[in-house]
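The block underneath contains the structure these notes are about, expressed in structure tokens.
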Amino acid sequence: MKRRYFLLILLTTFSMARAQQARPVSSGTIYHEIAQLSNLTSVLYVAAHPDDENTRLLAWLVNDRHIRTGYLSLTRGDGGQNLLGSEQGAALGLIRTHELIEARKLDGAEQFFTRAVDFGFSKTYDETFKHWPRDILAGDAVQVYRRFRPDVVICRFPPDTNAGHGQHAASAIIGEMAFRASGDRTKYTQQLKYYDAWQPKRILFNAFRFGSRNTTSEDQLKLPVGQYIPSLGMGAGELAGQSRSIHKSQGAGTPSVAGVQTEYFKLVAGDTFATSIFDGIDITWGRVGRADIGADLQKIQAQFSFVKPDASLPALMAVRKKILTVKDEFWRGQKLKEVDNVILHCAGIMAEVTTRQPQAVRGDVLPFSLAIVARTATPVVVTSVSWLGADSTMSLKLGADTLYTVNHNTRIPEKAPITQPYWLEKVAAEPGMYYMPSDTVAGLPETPPSLMAQVQLSIAGEPFAMQLPLSFKKLDPVKGDVVEQLRIVPDATLEFTNGLYVAGADGGVAEMRRADEDGVDVARFDHGADIGESVLTFLKRRDGAVTLAEAGDFESGHFAGANVCEMGFAHVSEANDAESDDVHSEGIEGLVRAIRLAVAALMVKP
């Protein structure tokens with residue numbers, strides 16, 4: 001039998017990316033998606049922390065104006081309070097990241113981050129920038145601008161003491177720096193392999209009244225928001241209360257306020273405006289010379305049936321063919337994704353690829369099931385399924401509202417990435433920063449699923465592809481069905497139970513301290529009787545090399561004078577593998593060999 005162990009470098013919470021399985025949505029949501037297809041523009045909101053965003057404005061832009069809207073939070077809120085538990089630092093940042101993700105699911109906006117670590121309260125932006133390299137954070141913001149391509153950028157805070165917090169003021173400075181650099185092809189050139197340079201039309205300050213601070217004035221643009229949205233059964237202010245109340249770790253429960261309220265805007269840089277934040281911007285299909293597509297979508301929206309959404313499928317298919325001929329590459333790609341989403345929703349497609357095992361190691365073979373159903377009289381056929389490269393060709397015609405299941409044993413690739421938050425994958429070179437990859441993952445709220453099954457469909461004779469993440473599904477007695485991303489874990493885990501112990505020559509622990517340059521004599525080491533009690537000792541040399549110590553090494557004083565600078569003990573945990581035998585059968589020598597292989601390339605810190 002194959003033995004497996006986990007290797008866990010530090011105690012942290014893995015990012016549990018909610019699996020993006022295909023799910024039907026309400027007719028009200030489909031109507032909103034069709035309306036958004038008509039708008040070729042986007043707005044990006046910029047602030048410092050989770051829960052800094054103006055949720056009412058985001059909810060109104062998305063759900064009333066049908067504008068693609070995003071929120072860029074410089075930090076993940078690592079320095080905030082935690083009313084839910086004892087997690088602090090990176091673990092709290094992970095909690096608050098997922099609170100923001102859940103909030104965005106309610107208000108409909110998208111979410112982005114930079115690599116800045118929230119180190120707590122600061123009085124001025126000068127103090128903040130002692131911890132945050134502004135050019136690096138401006139580059140992170142530029143990458144989000146170039147990816148999202150907003151016509152309008154809105155800052156929550158001013159760049160002065162009225163912001164009430166040094167990090168708040170810093171977010172306004174970073175937002176404007178990025179605004180001025182985003183369209184310049186000589187700035188942050190490494191990003192241009194992924195995204196073209198993009199210059200927003202204007203950047204605004206969303207003025208506010210917070211307690212005694214009032215940054216509004218009558219000469220600012222006043223925008224009434226919060227109007228009742230029949231398809232939601234509430235106004236944007238009421239939806240905002242629900243969305244903001246998701247920030248449970250901060251005790252941010254917020255009332256849902258009905259009625260129209262006024263938002264204030266002041267120009268920071270870019271083109272002036274007088275009547276709308278979109279003044280001078282063609283937000284219709286006219287900006288790509290295809291007013292005919294806009295006219296078609298207006299007709300689809302006017303004729304949309306809330307009781308029979310699939311009646312719009314033929315017209316949407318015709319619009320899709322037109323979008324394929326759009327010359328502008330960005331808008332062609334963006335609107336193809338949107339229209340495909342609308343078509344799948346109108347067809348009532350539900351699909352998921354799941355297994356009953358929550359985690360796996362590379363090389364495992366797991367049984368997966370594709371469950372799929374369509375709720376339309378329009379012909380829908382599954383033509384093939386690609387299971388991580390192993391293709392199954394078929395011709396499975398989906399009957400209206402009938403569930404079909406396809407089973408397949410899938411091998412996890414040997415090079416599958418470990419499931420973890422990308423910003424915690426490595427230690428950043430700069431203090432006050434998280435690690436940020438240079439590719440298209442940069443700025444995303446979480447690590448995208450990498451193990452996907454591709455389902456090829458034919459809908460009314462037209463080909464469609466769905467990417468479905470390999471997921472774990474269980475029945476929770478309280479929550480019901482729970483679907484989570486399948487976690488890929490290392491072969492072994494070391495959970496450090498102590499910091500630094502140094503054994504004296506008599507075999508007892510003398511004190512907790514760092515060894516001096518001459519090294520340390522160690523005389524005795526006991527591995528324990530079984531896997532649950534086994535203790536390993538590792539030594540980290542000053543050159544960074546990691547050595548796992550075996551019992552004989554200690555009994556013979558092998559490490560005396562070895563220039564050791566750190567030493568620690570760890571418990572060993574067995575992987576969640578139902579087929580694994582007790583590691584005891586291999587003996588401690590086999591265990592040490594397995595762990596040695598796992599840590600060979602790692603910098604381990606106790």
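By convention here, the chains of the structure tokens are called A, B, ... in the order presented, each chain's residues are numbered starting at 1, and ligands are numbered starting at 1 in the order presented.
Residues within 8 Å of Thr378 of chain A, counting only C-alpha atoms and excluding same-chain residues fewer than 3 positions away, are A:Asp310, A:Ala347, A:Ile459, A:Ala460.
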- Item | DSSP strand (DSSP E) residues within segment 215-410 of chain A, listed as a PyMOL selection string | chain A and resi 221-225+228-229+234-235+261-270+350-355+359-360+365-373+380-387+390-397+404-410
- Message: If we count only C-alpha atoms and set the cut-off at 8 Å, which residues sit around Ala360 of chain A, ignoring sequence neighbours fewer than 5 positions away in its own chain? Please answer as a VMD selection string.
- Response: chain A and resid 412 486 to 489 576
File dump, residues just selected, C-alpha atoms, as a PDB file, in the first residue's frame:
```pdb
ATOM      1  CA  ILE A 412      -4.972  13.720 -10.309  1.00  0.00           C
ATOM      2  CA  LEU A 486     -11.428  19.454  -4.156  1.00  0.00           C
ATOM      3  CA  ARG A 487      -8.303  20.194  -2.100  1.00  0.00           C
ATOM      4  CA  ILE A 488      -4.972  18.955  -3.417  1.00  0.00           C
ATOM      5  CA  VAL A 489      -2.671  18.470  -0.426  1.00  0.00           C
ATOM      6  CA  ASN A 576      -6.623  11.348   4.831  1.00  0.00           C
TER       7      ASN A 576
END
```
Per residue of segment 415-445 of chain A within 10 Å of segment 96-111 of chain A, which atom pair is closest and at what distance in Å (one decimal), using only C-alpha atoms, listed by chain and increasing number, as JSON lines?
```
{"residue": "A:Gly443", "atom": "CA", "partner": "A:Gln111", "partner_atom": "CA", "distance": 8.6}
{"residue": "A:Leu444", "atom": "CA", "partner": "A:Gln111", "partner_atom": "CA", "distance": 7.1}
{"residue": "A:Pro445", "atom": "CA", "partner": "A:Gln111", "partner_atom": "CA", "distance": 6.1}
```
- Query: Using only C-alpha atoms, which residues sit within 10 Å of Ile173 of chain A once same-chain residues fewer than 2 positions away are excluded, as number ranges by chain?
  - Reply: A: 125, 134, 138, 155, 157-160, 167-171, 175-179
- Item | Using only C-alpha atoms: which of A:Thr410, A:Thr114, A:Ser369, A:Ser249 has the shortest distance to Tyr435 of chain A | A:Thr114
Using DSSP assignments from the backbone, pull out every residue in segment 272-441 of chain A that falls under helix (DSSP H, G or I) and give it to me as a compact mmCIF listing (two decimals) with all heavy atoms, in the first residue's frame.
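For reference, states-v1.txt as written:
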```txt
# COMPACT_ATOMS: atom_id res chain seq x y z
N TRP A 285 -23.30 49.80 -27.58
CA TRP A 285 -22.61 49.06 -28.63
C TRP A 285 -22.08 49.98 -29.72
O TRP A 285 -21.30 49.56 -30.58
CB TRP A 285 -23.52 47.99 -29.21
CG TRP A 285 -23.60 46.77 -28.34
CD1 TRP A 285 -24.50 46.53 -27.34
CD2 TRP A 285 -22.73 45.64 -28.38
NE1 TRP A 285 -24.24 45.32 -26.75
CE2 TRP A 285 -23.16 44.74 -27.37
CE3 TRP A 285 -21.62 45.30 -29.17
CZ2 TRP A 285 -22.53 43.53 -27.14
CZ3 TRP A 285 -20.99 44.09 -28.93
CH2 TRP A 285 -21.44 43.22 -27.92
N GLY A 286 -22.48 51.25 -29.67
CA GLY A 286 -21.95 52.20 -30.63
C GLY A 286 -20.45 52.41 -30.50
O GLY A 286 -19.79 52.80 -31.46
N ARG A 287 -19.88 52.16 -29.32
CA ARG A 287 -18.44 52.37 -29.13
C ARG A 287 -17.61 51.39 -29.94
O ARG A 287 -16.41 51.61 -30.17
CB ARG A 287 -18.07 52.30 -27.64
CG ARG A 287 -17.95 50.94 -27.04
CD ARG A 287 -17.67 51.01 -25.53
NE ARG A 287 -16.40 51.66 -25.23
CZ ARG A 287 -16.03 52.05 -24.02
NH1 ARG A 287 -16.85 51.87 -22.98
NH2 ARG A 287 -14.87 52.62 -23.81
N VAL A 288 -18.19 50.27 -30.39
CA VAL A 288 -17.48 49.34 -31.27
C VAL A 288 -18.14 49.27 -32.64
O VAL A 288 -17.93 48.32 -33.41
CB VAL A 288 -17.40 47.92 -30.63
CG1 VAL A 288 -16.54 47.95 -29.39
CG2 VAL A 288 -18.79 47.37 -30.34
N ALA A 291 -24.17 49.20 -33.38
CA ALA A 291 -25.45 49.60 -32.80
C ALA A 291 -26.53 48.57 -33.08
O ALA A 291 -27.52 48.47 -32.34
CB ALA A 291 -25.86 50.96 -33.36
N ASP A 292 -26.35 47.76 -34.15
CA ASP A 292 -27.35 46.73 -34.47
C ASP A 292 -27.46 45.69 -33.36
O ASP A 292 -28.56 45.20 -33.06
CB ASP A 292 -27.00 46.05 -35.80
CG ASP A 292 -25.62 45.40 -35.79
OD1 ASP A 292 -24.65 46.07 -35.35
OD2 ASP A 292 -25.50 44.24 -36.20
N ILE A 293 -26.34 45.35 -32.74
CA ILE A 293 -26.38 44.39 -31.64
C ILE A 293 -27.14 44.98 -30.46
O ILE A 293 -27.95 44.31 -29.82
CB ILE A 293 -24.95 43.97 -31.22
CG1 ILE A 293 -24.25 43.25 -32.37
CG2 ILE A 293 -24.99 43.09 -29.97
CD1 ILE A 293 -22.82 42.85 -32.08
N GLY A 294 -26.88 46.25 -30.16
CA GLY A 294 -27.61 46.91 -29.08
C GLY A 294 -29.11 46.91 -29.33
O GLY A 294 -29.90 46.69 -28.40
N ALA A 295 -29.52 47.18 -30.59
CA ALA A 295 -30.94 47.18 -30.93
C ALA A 295 -31.55 45.79 -30.74
O ALA A 295 -32.67 45.65 -30.23
CB ALA A 295 -31.14 47.65 -32.36
N ASP A 296 -30.82 44.75 -31.13
CA ASP A 296 -31.31 43.38 -30.95
C ASP A 296 -31.51 43.06 -29.47
O ASP A 296 -32.51 42.44 -29.08
CB ASP A 296 -30.33 42.39 -31.56
CG ASP A 296 -30.30 42.44 -33.09
OD1 ASP A 296 -31.22 43.04 -33.67
OD2 ASP A 296 -29.36 41.88 -33.68
N LEU A 297 -30.56 43.49 -28.64
CA LEU A 297 -30.66 43.21 -27.21
C LEU A 297 -31.80 43.97 -26.56
O LEU A 297 -32.47 43.44 -25.65
CB LEU A 297 -29.33 43.56 -26.53
CG LEU A 297 -28.17 42.59 -26.84
CD1 LEU A 297 -26.84 43.16 -26.36
CD2 LEU A 297 -28.43 41.22 -26.20
N GLN A 298 -32.04 45.20 -27.01
CA GLN A 298 -33.18 45.95 -26.48
C GLN A 298 -34.49 45.23 -26.79
O GLN A 298 -35.40 45.19 -25.95
CB GLN A 298 -33.19 47.36 -27.08
CG GLN A 298 -32.04 48.24 -26.63
CD GLN A 298 -32.08 48.56 -25.16
OE1 GLN A 298 -33.15 48.71 -24.57
NE2 GLN A 298 -30.91 48.66 -24.54
N LYS A 299 -34.58 44.65 -27.96
CA LYS A 299 -35.79 43.92 -28.35
C LYS A 299 -35.94 42.65 -27.50
O LYS A 299 -37.04 42.32 -27.04
CB LYS A 299 -35.73 43.56 -29.83
CG LYS A 299 -36.98 42.90 -30.36
CD LYS A 299 -36.89 42.67 -31.87
CE LYS A 299 -38.15 42.02 -32.40
NZ LYS A 299 -38.06 41.78 -33.88
N ILE A 300 -34.82 41.93 -27.27
CA ILE A 300 -34.87 40.73 -26.44
C ILE A 300 -35.31 41.07 -25.03
O ILE A 300 -36.15 40.39 -24.42
CB ILE A 300 -33.49 40.04 -26.42
CG1 ILE A 300 -33.15 39.48 -27.80
CG2 ILE A 300 -33.46 38.91 -25.37
CD1 ILE A 300 -31.73 38.95 -27.91
N GLN A 301 -34.80 42.18 -24.52
CA GLN A 301 -35.16 42.59 -23.16
C GLN A 301 -36.64 42.97 -23.08
O GLN A 301 -37.33 42.60 -22.11
CB GLN A 301 -34.29 43.78 -22.76
CG GLN A 301 -34.42 44.19 -21.30
CD GLN A 301 -33.45 45.30 -20.93
OE1 GLN A 301 -32.56 45.66 -21.71
NE2 GLN A 301 -33.64 45.88 -19.75
N ALA A 302 -37.14 43.65 -24.09
CA ALA A 302 -38.55 44.07 -24.08
C ALA A 302 -39.49 42.88 -24.17
O ALA A 302 -40.60 42.91 -23.62
CB ALA A 302 -38.80 45.05 -25.23
N PRO A 309 -38.19 31.81 -19.69
CA PRO A 309 -36.98 32.50 -20.16
C PRO A 309 -36.34 31.84 -21.37
O PRO A 309 -35.66 32.50 -22.15
CB PRO A 309 -36.06 32.45 -18.93
CG PRO A 309 -36.59 31.38 -18.07
CD PRO A 309 -38.06 31.34 -18.30
N ASP A 310 -36.54 30.51 -21.56
CA ASP A 310 -35.92 29.87 -22.71
C ASP A 310 -36.54 30.29 -24.03
O ASP A 310 -35.99 29.99 -25.10
CB ASP A 310 -35.95 28.34 -22.56
CG ASP A 310 -37.36 27.77 -22.53
OD1 ASP A 310 -38.28 28.47 -22.06
OD2 ASP A 310 -37.54 26.62 -22.95
N ALA A 311 -37.64 31.03 -23.99
CA ALA A 311 -38.21 31.56 -25.23
C ALA A 311 -37.26 32.56 -25.88
O ALA A 311 -37.36 32.83 -27.09
CB ALA A 311 -39.56 32.22 -24.95
N SER A 312 -36.32 33.12 -25.12
CA SER A 312 -35.36 34.08 -25.66
C SER A 312 -34.16 33.41 -26.32
O SER A 312 -33.31 34.11 -26.89
CB SER A 312 -34.87 35.01 -24.55
OG SER A 312 -35.92 35.80 -24.03
N LEU A 313 -34.06 32.08 -26.23
CA LEU A 313 -32.87 31.41 -26.73
C LEU A 313 -32.61 31.64 -28.22
O LEU A 313 -31.47 31.94 -28.60
CB LEU A 313 -32.95 29.91 -26.44
CG LEU A 313 -32.62 29.50 -24.99
CD1 LEU A 313 -32.92 28.02 -24.77
CD2 LEU A 313 -31.17 29.81 -24.67
N PRO A 314 -33.59 31.52 -29.12
CA PRO A 314 -33.29 31.74 -30.54
C PRO A 314 -32.72 33.13 -30.82
O PRO A 314 -31.74 33.26 -31.57
CB PRO A 314 -34.65 31.54 -31.22
CG PRO A 314 -35.40 30.64 -30.30
CD PRO A 314 -34.99 31.06 -28.93
N ALA A 315 -33.30 34.15 -30.21
CA ALA A 315 -32.80 35.51 -30.44
C ALA A 315 -31.41 35.70 -29.84
O ALA A 315 -30.56 36.37 -30.43
CB ALA A 315 -33.78 36.53 -29.85
N LEU A 316 -31.16 35.10 -28.68
CA LEU A 316 -29.83 35.19 -28.07
C LEU A 316 -28.79 34.47 -28.90
O LEU A 316 -27.63 34.92 -29.01
CB LEU A 316 -29.87 34.62 -26.65
CG LEU A 316 -30.55 35.48 -25.59
CD1 LEU A 316 -30.81 34.67 -24.32
CD2 LEU A 316 -29.72 36.72 -25.27
N MET A 317 -29.16 33.35 -29.50
CA MET A 317 -28.24 32.64 -30.38
C MET A 317 -27.87 33.51 -31.58
O MET A 317 -26.70 33.54 -32.01
CB MET A 317 -28.89 31.34 -30.89
CG MET A 317 -29.12 30.30 -29.81
SD MET A 317 -27.56 29.57 -29.25
CE MET A 317 -28.20 28.18 -28.31
N ALA A 318 -28.85 34.23 -32.12
CA ALA A 318 -28.58 35.11 -33.25
C ALA A 318 -27.64 36.25 -32.84
O ALA A 318 -26.72 36.62 -33.59
CB ALA A 318 -29.89 35.66 -33.81
N VAL A 319 -27.85 36.80 -31.65
CA VAL A 319 -26.96 37.86 -31.16
C VAL A 319 -25.55 37.32 -30.95
O VAL A 319 -24.55 38.00 -31.26
CB VAL A 319 -27.52 38.46 -29.84
CG1 VAL A 319 -26.45 39.27 -29.12
CG2 VAL A 319 -28.73 39.33 -30.13
N ARG A 320 -25.44 36.11 -30.45
CA ARG A 320 -24.13 35.51 -30.23
C ARG A 320 -23.34 35.42 -31.54
O ARG A 320 -22.12 35.69 -31.57
CB ARG A 320 -24.29 34.12 -29.62
CG ARG A 320 -22.98 33.45 -29.24
CD ARG A 320 -23.23 32.08 -28.61
NE ARG A 320 -22.02 31.52 -28.06
CZ ARG A 320 -21.15 30.77 -28.74
NH1 ARG A 320 -21.39 30.50 -30.02
NH2 ARG A 320 -20.06 30.29 -28.16
N LYS A 321 -24.00 35.03 -32.61
CA LYS A 321 -23.31 34.96 -33.91
C LYS A 321 -22.80 36.34 -34.34
O LYS A 321 -21.72 36.46 -34.91
CB LYS A 321 -24.25 34.39 -34.96
CG LYS A 321 -24.57 32.91 -34.78
CD LYS A 321 -25.51 32.40 -35.86
CE LYS A 321 -25.81 30.92 -35.68
NZ LYS A 321 -26.74 30.39 -36.71
N LYS A 322 -23.58 37.39 -34.04
CA LYS A 322 -23.14 38.74 -34.37
C LYS A 322 -21.94 39.17 -33.51
O LYS A 322 -21.01 39.82 -34.02
CB LYS A 322 -24.29 39.73 -34.20
CG LYS A 322 -25.37 39.66 -35.27
CD LYS A 322 -26.34 40.83 -35.13
CE LYS A 322 -27.34 40.86 -36.28
NZ LYS A 322 -28.24 42.04 -36.21
N ILE A 323 -21.97 38.81 -32.24
CA ILE A 323 -20.86 39.18 -31.36
C ILE A 323 -19.56 38.55 -31.84
O ILE A 323 -18.47 39.15 -31.72
CB ILE A 323 -21.17 38.78 -29.90
CG1 ILE A 323 -22.33 39.61 -29.36
CG2 ILE A 323 -19.94 38.97 -29.01
CD1 ILE A 323 -22.80 39.21 -27.98
N GLU A 329 -11.25 43.21 -29.91
CA GLU A 329 -10.94 41.93 -29.28
C GLU A 329 -11.43 41.86 -27.84
O GLU A 329 -11.98 40.83 -27.41
CB GLU A 329 -9.44 41.68 -29.34
CG GLU A 329 -9.01 40.34 -28.78
CD GLU A 329 -7.52 40.11 -28.88
OE1 GLU A 329 -6.82 41.00 -29.42
OE2 GLU A 329 -7.05 39.06 -28.43
N PHE A 330 -11.21 42.94 -27.07
CA PHE A 330 -11.60 42.90 -25.67
C PHE A 330 -13.11 42.74 -25.54
O PHE A 330 -13.59 41.86 -24.81
CB PHE A 330 -11.15 44.17 -24.95
CG PHE A 330 -11.70 44.27 -23.55
CD1 PHE A 330 -11.10 43.56 -22.51
CD2 PHE A 330 -12.82 45.05 -23.26
CE1 PHE A 330 -11.61 43.64 -21.21
CE2 PHE A 330 -13.33 45.12 -21.98
CZ PHE A 330 -12.73 44.41 -20.95
N TRP A 331 -13.87 43.61 -26.22
CA TRP A 331 -15.32 43.56 -26.06
C TRP A 331 -15.92 42.31 -26.69
O TRP A 331 -16.92 41.78 -26.20
CB TRP A 331 -15.96 44.83 -26.61
CG TRP A 331 -15.77 45.99 -25.71
CD1 TRP A 331 -15.05 47.12 -25.94
CD2 TRP A 331 -16.28 46.12 -24.37
NE1 TRP A 331 -15.07 47.95 -24.84
CE2 TRP A 331 -15.83 47.36 -23.87
CE3 TRP A 331 -17.08 45.33 -23.55
CZ2 TRP A 331 -16.15 47.82 -22.59
CZ3 TRP A 331 -17.39 45.77 -22.28
CH2 TRP A 331 -16.93 47.00 -21.81
N ARG A 332 -15.30 41.80 -27.75
CA ARG A 332 -15.79 40.54 -28.30
C ARG A 332 -15.65 39.43 -27.27
O ARG A 332 -16.59 38.67 -27.01
CB ARG A 332 -15.00 40.19 -29.57
CG ARG A 332 -15.51 38.88 -30.22
CD ARG A 332 -14.79 38.57 -31.53
NE ARG A 332 -13.38 38.26 -31.34
CZ ARG A 332 -12.37 39.00 -31.73
NH1 ARG A 332 -12.60 40.16 -32.36
NH2 ARG A 332 -11.13 38.64 -31.52
N GLY A 333 -14.48 39.32 -26.62
CA GLY A 333 -14.28 38.27 -25.63
C GLY A 333 -15.16 38.45 -24.41
O GLY A 333 -15.74 37.49 -23.91
N GLN A 334 -15.27 39.70 -23.91
CA GLN A 334 -16.06 39.96 -22.72
C GLN A 334 -17.54 39.66 -22.95
O GLN A 334 -18.20 39.01 -22.13
CB GLN A 334 -15.89 41.41 -22.28
CG GLN A 334 -16.72 41.83 -21.07
CD GLN A 334 -16.38 41.06 -19.82
OE1 GLN A 334 -15.23 40.66 -19.61
NE2 GLN A 334 -17.38 40.83 -18.97
N LYS A 335 -18.07 40.12 -24.06
CA LYS A 335 -19.50 39.93 -24.32
C LYS A 335 -19.84 38.49 -24.74
O LYS A 335 -20.96 38.02 -24.50
CB LYS A 335 -19.98 40.93 -25.37
CG LYS A 335 -19.99 42.37 -24.85
CD LYS A 335 -20.84 42.51 -23.59
CE LYS A 335 -20.81 43.89 -22.99
NZ LYS A 335 -21.63 44.03 -21.77
N LEU A 336 -18.87 37.77 -25.33
CA LEU A 336 -19.11 36.35 -25.59
C LEU A 336 -19.27 35.58 -24.29
O LEU A 336 -20.14 34.71 -24.17
CB LEU A 336 -17.96 35.77 -26.42
CG LEU A 336 -18.08 35.85 -27.94
CD1 LEU A 336 -16.83 35.31 -28.61
CD2 LEU A 336 -19.32 35.10 -28.43
N LYS A 337 -18.42 35.89 -23.30
CA LYS A 337 -18.57 35.23 -22.00
C LYS A 337 -19.93 35.54 -21.39
O LYS A 337 -20.59 34.66 -20.84
CB LYS A 337 -17.44 35.69 -21.06
CG LYS A 337 -16.07 35.12 -21.39
CD LYS A 337 -15.06 35.42 -20.31
CE LYS A 337 -14.78 36.90 -20.19
NZ LYS A 337 -13.71 37.21 -19.20
N GLU A 338 -20.34 36.81 -21.49
CA GLU A 338 -21.61 37.20 -20.90
C GLU A 338 -22.80 36.56 -21.60
O GLU A 338 -23.72 36.06 -20.95
CB GLU A 338 -21.74 38.73 -20.92
CG GLU A 338 -20.77 39.45 -20.00
CD GLU A 338 -20.94 40.96 -20.04
OE1 GLU A 338 -22.00 41.43 -20.50
OE2 GLU A 338 -20.01 41.69 -19.63
N VAL A 339 -22.79 36.55 -22.94
CA VAL A 339 -23.94 36.00 -23.66
C VAL A 339 -24.01 34.48 -23.48
O VAL A 339 -25.10 33.90 -23.39
CB VAL A 339 -23.92 36.40 -25.15
CG1 VAL A 339 -22.89 35.61 -25.94
CG2 VAL A 339 -25.31 36.22 -25.77
N ASP A 340 -22.85 33.81 -23.42
CA ASP A 340 -22.87 32.36 -23.17
C ASP A 340 -23.47 32.06 -21.81
O ASP A 340 -24.21 31.08 -21.63
CB ASP A 340 -21.45 31.80 -23.25
CG ASP A 340 -20.96 31.64 -24.69
OD1 ASP A 340 -21.74 31.94 -25.62
OD2 ASP A 340 -19.80 31.24 -24.88
N ASN A 341 -23.14 32.89 -20.84
CA ASN A 341 -23.70 32.72 -19.50
C ASN A 341 -25.21 32.88 -19.52
O ASN A 341 -25.95 32.10 -18.90
CB ASN A 341 -23.06 33.75 -18.57
CG ASN A 341 -23.10 33.34 -17.11
OD1 ASN A 341 -22.89 32.19 -16.78
ND2 ASN A 341 -23.40 34.29 -16.24
N VAL A 342 -25.70 33.89 -20.23
CA VAL A 342 -27.14 34.12 -20.33
C VAL A 342 -27.83 32.95 -21.01
O VAL A 342 -28.90 32.49 -20.57
CB VAL A 342 -27.43 35.42 -21.08
CG1 VAL A 342 -28.94 35.59 -21.29
CG2 VAL A 342 -26.88 36.63 -20.33
N ILE A 343 -27.23 32.42 -22.06
CA ILE A 343 -27.83 31.30 -22.80
C ILE A 343 -27.93 30.06 -21.90
O ILE A 343 -28.96 29.38 -21.86
CB ILE A 343 -27.01 31.00 -24.07
CG1 ILE A 343 -27.25 32.12 -25.09
CG2 ILE A 343 -27.39 29.66 -24.67
CD1 ILE A 343 -26.34 32.06 -26.31
N LEU A 344 -26.87 29.76 -21.15
CA LEU A 344 -26.91 28.62 -20.24
C LEU A 344 -27.98 28.81 -19.17
O LEU A 344 -28.67 27.86 -18.78
CB LEU A 344 -25.54 28.41 -19.59
CG LEU A 344 -24.42 27.93 -20.53
CD1 LEU A 344 -23.08 27.94 -19.80
CD2 LEU A 344 -24.72 26.54 -21.07
N HIS A 345 -28.12 30.04 -18.69
CA HIS A 345 -29.14 30.32 -17.68
C HIS A 345 -30.55 30.20 -18.25
O HIS A 345 -31.45 29.68 -17.61
CB HIS A 345 -28.92 31.71 -17.08
CG HIS A 345 -27.72 31.77 -16.18
ND1 HIS A 345 -27.13 32.95 -15.80
CD2 HIS A 345 -27.01 30.78 -15.56
CE1 HIS A 345 -26.10 32.69 -15.01
NE2 HIS A 345 -26.02 31.39 -14.85
N CYS A 346 -30.74 30.71 -19.46
CA CYS A 346 -32.07 30.59 -20.08
C CYS A 346 -32.43 29.13 -20.33
O CYS A 346 -33.60 28.75 -20.27
CB CYS A 346 -32.09 31.36 -21.41
SG CYS A 346 -32.26 33.15 -21.24
N TYR A 422 -2.99 31.95 -3.08
CA TYR A 422 -1.79 32.26 -3.85
C TYR A 422 -0.91 33.29 -3.16
O TYR A 422 0.32 33.27 -3.31
CB TYR A 422 -2.16 32.72 -5.26
CG TYR A 422 -2.84 34.07 -5.37
CD1 TYR A 422 -2.09 35.25 -5.39
CD2 TYR A 422 -4.23 34.18 -5.47
CE1 TYR A 422 -2.71 36.49 -5.49
CE2 TYR A 422 -4.84 35.42 -5.57
CZ TYR A 422 -4.08 36.57 -5.57
OH TYR A 422 -4.68 37.80 -5.68
N TRP A 423 -1.52 34.20 -2.39
CA TRP A 423 -0.73 35.25 -1.75
C TRP A 423 0.06 34.73 -0.55
O TRP A 423 0.93 35.42 -0.03
CB TRP A 423 -1.61 36.42 -1.35
CG TRP A 423 -2.68 36.10 -0.35
CD1 TRP A 423 -2.61 36.26 0.99
CD2 TRP A 423 -3.99 35.56 -0.61
NE1 TRP A 423 -3.78 35.87 1.59
CE2 TRP A 423 -4.65 35.43 0.63
CE3 TRP A 423 -4.66 35.18 -1.78
CZ2 TRP A 423 -5.95 34.93 0.72
CZ3 TRP A 423 -5.96 34.68 -1.68
CH2 TRP A 423 -6.59 34.57 -0.44
N LEU A 424 -0.24 33.50 -0.09
CA LEU A 424 0.50 32.88 1.00
C LEU A 424 1.44 31.78 0.50
O LEU A 424 2.09 31.09 1.30
CB LEU A 424 -0.46 32.30 2.04
CG LEU A 424 -1.41 33.29 2.71
CD1 LEU A 424 -2.34 32.57 3.66
CD2 LEU A 424 -0.63 34.38 3.45
```
- Message: Between A:Ala252, A:Met452, A:Leu61, A:Leu37, which residue has the minimum interatomic distance to Gly237 of chain A, considering only C-alpha atoms?
- Response: A:Leu61
Quick one: contact table of segment 274-311 of chain A to segment 190-212 of chain A, 10 Å max, nearest atom pair and distance in Å to one decimal per residue, counting only C-alpha atoms, chain and number order, as JSON lines?
```
{"residue": "A:Ile277", "atom": "CA", "partner": "A:Arg202", "partner_atom": "CA", "distance": 8.5}
{"residue": "A:Phe278", "atom": "CA", "partner": "A:Lys201", "partner_atom": "CA", "distance": 8.7}
{"residue": "A:Asp279", "atom": "CA", "partner": "A:Lys201", "partner_atom": "CA", "distance": 9.4}
{"residue": "A:Gly280", "atom": "CA", "partner": "A:Lys201", "partner_atom": "CA", "distance": 8.6}
{"residue": "A:Ile281", "atom": "CA", "partner": "A:Lys201", "partner_atom": "CA", "distance": 7.8}
```
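The gap separating atom CA of Ile174 of chain A from atom CA of Ala428 of chain A is 19.8 Å, in Å to one decimal.
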- Task: Could you give me, as a ChimeraX atom specification, the residues within 9 Å of Tyr404 of chain A, counting only C-alpha atoms and dropping anything in the same chain fewer than 5 positions from it?
- Result: /A:370-373,396,398-399
- Work out how far atom CA of Val441 of chain A is from atom CA of Ala35 of chain A, in Å to one decimal.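 Separation between atom CA of Ala35 of chain A and atom CA of Val441 of chain A: 28.6 Å.
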